[in-house]
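Asker: What follows is the file model-v7.txt, containing compact mmCIF, C-alpha atoms:
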# COMPACT_ATOMS: atom_id res chain seq x y z
CA GLU A 1 113.00 84.26 116.44
CA LEU A 2 110.99 86.35 113.95
CA CYS A 3 107.88 84.26 114.68
CA LEU A 4 108.17 84.96 118.42
CA ARG A 5 108.86 88.66 117.84
CA SER A 6 105.87 88.83 115.49
CA MET A 7 103.60 87.20 118.07
CA ALA A 8 104.71 89.69 120.73
CA ALA A 9 104.28 92.64 118.35
CA ALA A 10 100.76 91.55 117.35
CA LEU A 11 99.70 91.21 120.98
CA ALA A 12 101.17 94.62 121.80
CA GLY A 13 99.71 96.29 118.70
CA SER A 14 103.20 97.29 117.51
CA VAL A 15 105.52 96.40 114.61
CA VAL A 16 108.75 94.42 114.30
CA GLU A 17 111.78 96.44 113.22
CA MET A 18 114.56 94.72 111.25
CA ARG A 19 117.66 95.78 109.35
CA VAL A 20 116.61 93.66 106.35
CA LEU A 21 112.99 92.88 105.52
CA PRO A 22 112.23 89.12 105.46
CA GLU A 23 111.15 87.20 102.36
CA GLY A 24 108.66 84.34 102.16
CA ASP A 25 110.12 80.94 102.96
CA GLU A 26 108.09 77.73 102.81
CA ALA A 27 110.73 75.92 104.87
CA PHE A 28 109.88 78.24 107.79
CA ALA A 29 106.12 78.25 107.03
CA LEU A 30 106.41 81.97 106.25
CA ASP A 31 104.54 84.10 103.72
CA VAL A 32 104.95 87.85 103.24
CA LEU A 33 102.54 90.36 101.78
CA ASP A 34 103.31 94.02 100.99
CA ILE A 35 100.35 96.18 102.00
CA PRO A 36 99.96 99.72 100.58
CA GLU A 37 100.27 102.32 103.32
CA ALA A 38 96.75 103.58 102.60
CA ALA A 39 95.35 100.12 103.39
CA VAL A 40 97.39 99.29 106.50
CA SER A 41 94.64 100.56 108.80
CA VAL A 42 92.19 97.86 107.62
CA VAL A 43 94.61 94.96 108.23
CA GLN A 44 94.58 93.69 111.80
CA PRO A 45 97.30 91.08 112.49
CA GLN A 46 95.93 90.24 115.93
CA LYS A 47 92.49 89.45 114.48
CA LEU A 48 94.08 87.27 111.77
CA ALA A 49 95.89 85.34 114.50
CA GLN A 50 92.71 84.82 116.54
CA GLN A 51 90.49 83.81 113.62
CA LEU A 52 92.86 81.74 111.48
CA ASP A 53 95.41 80.24 113.88
CA VAL A 54 98.41 82.05 112.39
CA VAL A 55 101.07 84.42 113.67
CA ALA A 56 100.98 87.74 111.81
CA ALA A 57 102.64 91.12 112.24
CA PHE A 58 103.90 94.11 110.29
CA VAL A 59 107.65 94.40 109.78
CA HIS A 60 109.36 97.75 109.13
CA GLU A 61 112.92 98.43 108.08
CA LYS A 62 115.04 100.12 110.74
CA ALA A 63 116.56 103.53 110.13
CA HIS A 64 120.09 103.25 108.83
CA ILE A 65 122.73 103.93 111.48
CA LYS A 66 125.49 106.36 110.61
CA PRO A 67 128.90 104.98 111.62
CA ARG A 68 130.91 107.12 113.99
CA PRO A 69 133.54 109.27 112.28
CA PRO A 70 137.18 108.13 112.56
CA ALA A 71 139.09 109.61 115.49
CA SER A 72 142.81 109.88 116.17
CA GLU A 73 144.41 107.94 119.03
CA GLU A 74 144.72 111.21 120.94
CA GLN A 75 141.01 111.96 120.56
CA VAL A 76 140.10 108.40 121.59
CA ALA A 77 142.27 108.73 124.72
CA LEU A 78 140.80 112.13 125.61
CA GLY A 79 137.30 110.80 125.07
CA LYS A 80 137.93 107.98 127.52
CA THR A 81 139.04 110.56 130.06
CA PHE A 82 135.75 112.43 129.71
CA GLY A 83 133.62 109.29 129.28
CA PHE A 84 132.57 110.14 125.71
CA ALA A 85 133.53 109.23 122.12
CA VAL A 86 133.68 111.13 118.85
CA GLY A 87 130.32 110.74 117.06
CA GLN A 88 128.44 109.87 120.25
CA PRO A 89 124.94 111.35 120.68
CA VAL A 90 124.84 113.53 123.80
CA GLU A 91 122.71 116.08 125.59
CA VAL A 92 124.17 119.51 126.26
CA ARG A 93 123.13 121.93 129.00
CA TYR A 94 122.38 125.49 127.98
CA GLU A 95 121.18 127.63 130.88
CA ASP A 96 118.51 125.45 132.57
CA SER A 97 117.64 123.20 129.60
CA TRP A 98 119.26 120.22 127.86
CA PHE A 99 119.53 119.94 124.07
CA HIS A 100 120.54 117.13 121.69
CA ALA A 101 123.97 117.25 120.07
CA THR A 102 126.77 115.02 118.75
CA VAL A 103 130.38 114.96 119.98
CA LYS A 104 132.84 116.31 117.39
CA GLY A 105 136.07 116.22 119.43
CA PHE A 106 137.96 117.12 122.62
CA SER A 107 140.72 119.44 123.76
CA GLN A 108 143.48 119.05 126.37
CA GLU A 109 141.84 121.82 128.40
CA GLY A 110 138.77 119.66 129.14
CA VAL A 111 136.56 121.15 126.43
CA VAL A 112 134.05 119.01 124.54
CA MET A 113 133.28 120.18 121.00
CA VAL A 114 129.75 119.34 119.85
CA GLU A 115 127.47 119.84 116.87
CA TRP A 116 123.89 120.77 117.70
CA LEU A 117 121.19 118.44 116.34
CA GLY A 118 119.73 121.29 114.31
CA GLY A 119 123.13 122.50 113.05
CA GLY A 120 125.89 124.71 114.39
CA GLU A 121 128.79 123.91 116.73
CA ALA A 122 129.79 124.81 120.29
CA GLU A 123 132.55 124.18 122.84
CA LEU A 124 131.49 123.32 126.36
CA ALA A 125 132.91 122.06 129.63
CA ALA A 126 132.52 118.30 130.10
CA ILE A 127 130.32 118.94 133.14
CA ASP A 128 127.68 120.40 130.82
CA VAL A 129 127.56 117.29 128.62
CA ARG A 130 125.83 114.00 129.36
CA ALA A 131 125.20 110.79 127.40
CA SER A 132 121.99 110.43 125.40
CA ASN A 133 119.87 107.38 124.56
CA ARG A 134 119.29 108.80 121.08
CA LEU A 135 120.62 106.56 118.32
CA PRO A 136 123.09 108.02 115.83
CA THR A 137 121.29 108.21 112.50
CA THR A 138 122.09 109.36 109.00
CA GLY A 139 120.86 112.84 109.93
CA GLU A 140 118.20 112.53 107.24
CA GLU A 141 114.59 111.77 108.05
CA MET A 142 113.61 108.29 106.92
CA PRO A 143 110.90 108.61 104.25
CA ARG A 144 107.65 106.92 105.20
CA PRO A 145 107.58 103.59 103.33
CA PRO A 146 104.95 103.40 100.56
CA GLN A 147 103.97 99.99 101.86
CA SER A 148 104.28 97.81 104.94
CA ARG A 149 105.35 94.17 104.89
CA LEU A 150 103.02 91.73 106.63
CA VAL A 151 104.58 88.44 107.74
CA ILE A 152 102.35 85.39 108.26
CA PHE A 153 103.48 82.17 109.96
CA GLY A 154 101.38 79.02 110.04
CA GLU A 155 100.11 75.95 108.24
CA THR A 156 99.73 76.40 104.46
CA ARG A 157 95.92 76.54 104.39
CA SER A 158 95.75 78.94 107.34
CA ARG A 159 98.41 81.21 105.85
CA THR A 160 96.58 81.29 102.53
CA ALA A 161 93.28 82.12 104.23
CA ALA A 162 95.00 85.00 106.04
CA LYS A 163 96.50 86.26 102.78
CA PHE A 164 93.15 86.10 100.96
CA GLN A 165 91.39 87.94 103.79
CA THR A 166 94.10 90.61 103.84
CA MET A 167 93.99 91.02 100.05
CA ALA A 168 90.21 91.44 100.08
CA ALA A 169 90.35 94.02 102.89
CA SER A 170 93.09 95.96 101.08
CA ASP A 171 91.18 95.96 97.79
CA ARG A 172 88.11 97.36 99.51
CA LYS A 173 90.35 100.30 100.44
CA ILE A 174 92.37 100.48 97.20
CA SER A 175 90.37 98.99 94.36
CA GLY A 176 92.25 96.55 92.13
CA HIS A 177 95.54 96.53 94.05
CA PHE A 178 95.69 92.77 94.52
CA GLU A 179 92.99 91.76 92.02
CA GLU A 180 94.68 93.39 89.04
CA ARG A 181 98.28 94.16 89.99
CA PHE A 182 99.41 91.62 92.59
CA PRO A 183 97.20 88.50 92.47
CA PRO A 184 98.29 85.39 94.43
CA GLN A 185 100.82 83.16 92.71
CA GLN A 186 100.30 79.47 92.07
CA SER A 187 102.59 77.05 93.86
CA GLY A 188 103.00 74.88 90.76
CA SER A 189 101.49 71.80 92.40
CA LEU A 190 98.85 70.24 90.16
CA PHE A 191 97.85 67.48 92.56
CA GLY A 192 98.27 69.12 95.97
CA PHE A 193 97.21 72.35 97.63
CA ASN A 194 97.35 75.22 95.15
CA THR A 195 95.87 78.61 94.32
CA ALA A 196 93.87 79.70 91.28
CA VAL A 197 92.55 83.05 90.06
CA VAL A 198 89.09 82.60 88.51
CA ALA A 199 87.48 85.18 86.22
CA LEU A 200 83.79 85.51 87.12
CA PRO A 201 81.34 85.07 84.20
CA ALA A 202 80.20 88.20 82.42
CA GLY A 203 76.51 88.96 82.61
CA GLY A 204 74.08 87.64 85.16
CA ASP A 205 74.15 88.74 88.78
CA THR A 206 77.76 89.97 89.06
CA GLY A 207 77.47 90.50 92.82
CA ALA A 208 76.05 87.04 93.56
CA CYS A 209 79.44 85.40 94.11
CA ALA A 210 80.52 88.03 96.62
CA LYS A 211 77.14 87.81 98.37
CA HIS A 212 77.31 84.02 98.64
CA ARG A 213 81.09 83.70 99.04
CA SER A 214 80.97 81.98 102.43
CA LYS A 215 78.38 79.47 101.16
CA ILE A 216 80.49 78.71 98.08
CA ALA A 217 83.51 78.17 100.31
CA SER A 218 81.55 75.93 102.68
CA ALA A 219 79.98 73.85 99.90
CA SER A 220 83.25 73.38 97.98
CA GLU A 221 85.48 73.09 101.11
CA ALA A 222 87.93 75.45 99.34
CA LEU A 223 89.21 78.85 100.41
CA VAL A 224 87.34 81.46 98.39
CA GLU A 225 87.65 85.25 98.32
CA VAL A 226 85.95 87.49 95.74
CA LEU A 227 87.70 90.66 94.58
CA GLY A 228 85.88 92.62 91.89
CA LYS A 229 85.56 90.53 88.73
CA HIS A 230 87.79 87.72 89.99
CA ALA A 231 87.78 85.12 92.73
CA PHE A 232 90.85 83.75 94.48
CA VAL A 233 90.47 80.02 95.15
CA ALA A 234 92.77 77.69 97.09
CA GLY A 235 92.58 74.02 98.03
CA ASP A 236 93.31 70.57 96.67
CA PRO A 237 92.29 69.80 93.05
CA ASP A 238 88.76 68.57 93.90
CA GLU A 239 88.10 71.54 96.20
CA ARG A 240 89.27 74.02 93.57
CA ARG A 241 87.23 72.32 90.87
CA ARG A 242 84.03 72.42 92.95
CA ALA A 243 84.60 76.06 93.88
CA GLN A 244 85.24 77.09 90.28
CA THR A 245 82.06 75.27 89.17
CA LEU A 246 79.95 77.05 91.78
CA LEU A 247 81.53 80.41 90.91
CA GLN A 248 80.41 79.92 87.31
CA MET A 249 77.00 78.59 88.32
CA VAL A 250 75.85 81.07 90.97
CA PRO A 251 75.82 84.26 88.83
CA LYS A 252 73.69 82.50 86.21
CA ALA A 253 71.05 81.37 88.70
CA GLY A 254 69.14 84.64 88.39
CA PRO A 255 67.42 86.67 91.09
CA PHE A 256 65.49 83.62 92.36
CA GLY A 257 68.49 81.31 92.58
CA ASP A 258 67.10 78.82 90.08
CA ALA A 259 69.47 76.27 88.55
CA THR A 260 68.49 74.42 85.40
CA GLU A 261 70.95 71.60 86.08
CA VAL A 262 73.52 70.40 88.59
CA PRO A 263 77.04 70.20 87.11
CA GLU A 264 78.78 66.86 87.37
CA GLU A 265 81.64 68.36 89.39
CA VAL A 266 79.34 69.03 92.35
CA GLY A 267 76.86 66.22 91.84
CA GLU A 268 78.13 64.04 94.68
CA PHE A 269 77.90 67.02 97.05
CA CYS A 270 74.33 67.88 96.06
CA SER A 271 71.12 66.55 97.60
CA MET A 272 67.84 66.83 95.68
CA VAL A 273 64.45 67.05 97.37
CA ARG A 274 61.17 67.10 95.43
CA VAL A 275 58.94 69.87 96.77
CA PRO A 276 55.24 69.99 95.81
CA THR A 277 54.35 73.11 93.90
CA SER A 278 51.89 74.12 96.60
CA ALA A 279 54.66 74.02 99.22
CA VAL A 280 57.36 75.92 97.31
CA ALA A 281 56.40 79.30 98.78
CA ALA A 282 56.47 77.93 102.33
CA VAL A 283 59.86 76.28 101.83
CA ALA A 284 61.35 79.40 100.22
CA GLY A 285 59.88 81.77 102.80
CA PRO A 286 59.06 85.46 102.35
CA GLU A 287 61.41 86.83 99.70
CA ARG A 288 63.30 83.49 99.84
CA THR A 289 64.56 84.17 103.37
CA ASN A 290 64.37 80.48 104.35
CA LEU A 291 66.55 79.43 101.42
CA SER A 292 68.98 82.25 102.10
CA ARG A 293 69.52 80.98 105.63
CA MET A 294 70.43 77.48 104.43
Once more with this new file: its structure as structure tokens, please.

Answerer:
Amino acid sequence: ELCLRSMAAALAGSVVEMRVLPEGDEAFALDVLDIPEAAVSVVQPQKLAQQLDVVAAFVHEKAHIKPRPPASEEQVALGKTFGFAVGQPVEVRYEDSWFHATVKGFSQEGVVMVEWLGGGEAELAAIDVRASNRLPTTGEEMPRPPQSRLVIFGETRSRTAAKFQTMAASDRKISGHFEERFPPQQSGSLFGFNTAVVALPAGGDTGACAKHRSKIASASEALVEVLGKHAFVAGDPDERRRAQTLLQMVPKAGPFGDATEVPEEVGEFCSMVRVPTSAVAAVAGPERTNLSRM
């Protein structure tokens, strides 16, 4: 049910409201991610669904409903006569306008006693009172939540890709939120799909991994997202190992992308072509644009 409601909410650009916020559950292919309110604007559930084949939506907690106050049998009977109940939200006519109020009680003379929404009480004829669609609440304004919960349904790899993309977008808005305080957790599986947080090497071109992130992901076949001084990597053991090797290798390649050796971990995925010295400039292109496009 939550998956269907989330799909409808994402398509409508709205949120799902629930009494209790859901938790992640692998049995239902569900992950949750709490997004700081300041970063909610950069997370687009509908785009995640279109790009990564997942169902995603924000879920908010509903306002708490205040139970109706207890009423005597006499008041219940009188209320039925008038078509109202004690504690029921109503609208009350004053001159030519209608105002929100709540029923407090009834009298034998056909008087309905109400409490105005803004405070204060009044006694009116039943003809000047009508039912309202307003929900009875606690009377206190719900504080705006400091964060919104994003639910993501889908296959494990797709869900993880959506989480990584969301974390990266959030950290561009609030630096270090997921990188330092709430990094992804490992699943505990050493031989299957798992997640790793990789510290990027100090020194060298510190922005190279972020610049070439998509190429590292493509070459390693792992999911890779770079946040500050760390990279989030997900995949099977071989995919993670290749990605981690490239993440250590790329920053050390220097401004011209020169590698002194090819690590064993990526050897079988590497092709070597001997290029004559006189043709290096033509192969690289102006300012290495040809190599950058590869």

Asker: Distance CA of Lys47 in chain A-CA of Lys163 in chain A, one decimal place?

Answerer: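 Between CA of Lys47 in chain A and CA of Lys163 in chain A the gap is 12.8 Å.
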
Asker: Compile the contact shell of range 50-58 of chain A as number ranges by chain: residues with an atom at most 9 Å away, counting all atoms listed in the file, same-chain residues fewer than 6 positions apart removed.

Answerer: A: 3-10, 13-17, 44, 148-155, 158-159, 161-162

Asker: Restricting the calculation to all atoms listed in the file: of A:Leu78, A:Ile216, A:Ala281, A:Met167, which residue gets closest to Glu239 in chain A?

Answerer: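 Distance minimum relative to Glu239 in chain A lands on A:Ile216.
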
Asker: Set the distance at 8 Å and use all atoms listed in the file: which residues neighbour Ser170 in chain A once local chain neighbours fewer than 2 positions away are removed? I'd like the list as a PyMOL selection string.

Answerer: chain A and resi 35-36+39-40+42-43+166-168+172-175+177-178

Asker: Can you work out the spacing between CA of Met18 in chain A and CA of His60 in chain A in Å, to one decimal?

Answerer: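 A separation of 6.4 Å between them.
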
Asker: Set the distance at 8 Å and use all atoms listed in the file: which residues neighbour Gly87 in chain A once local chain neighbours fewer than 2 positions away are removed? I'd like the list as a ChimeraX atom specification.

Answerer: /A:68-69,85,89,102-104,136
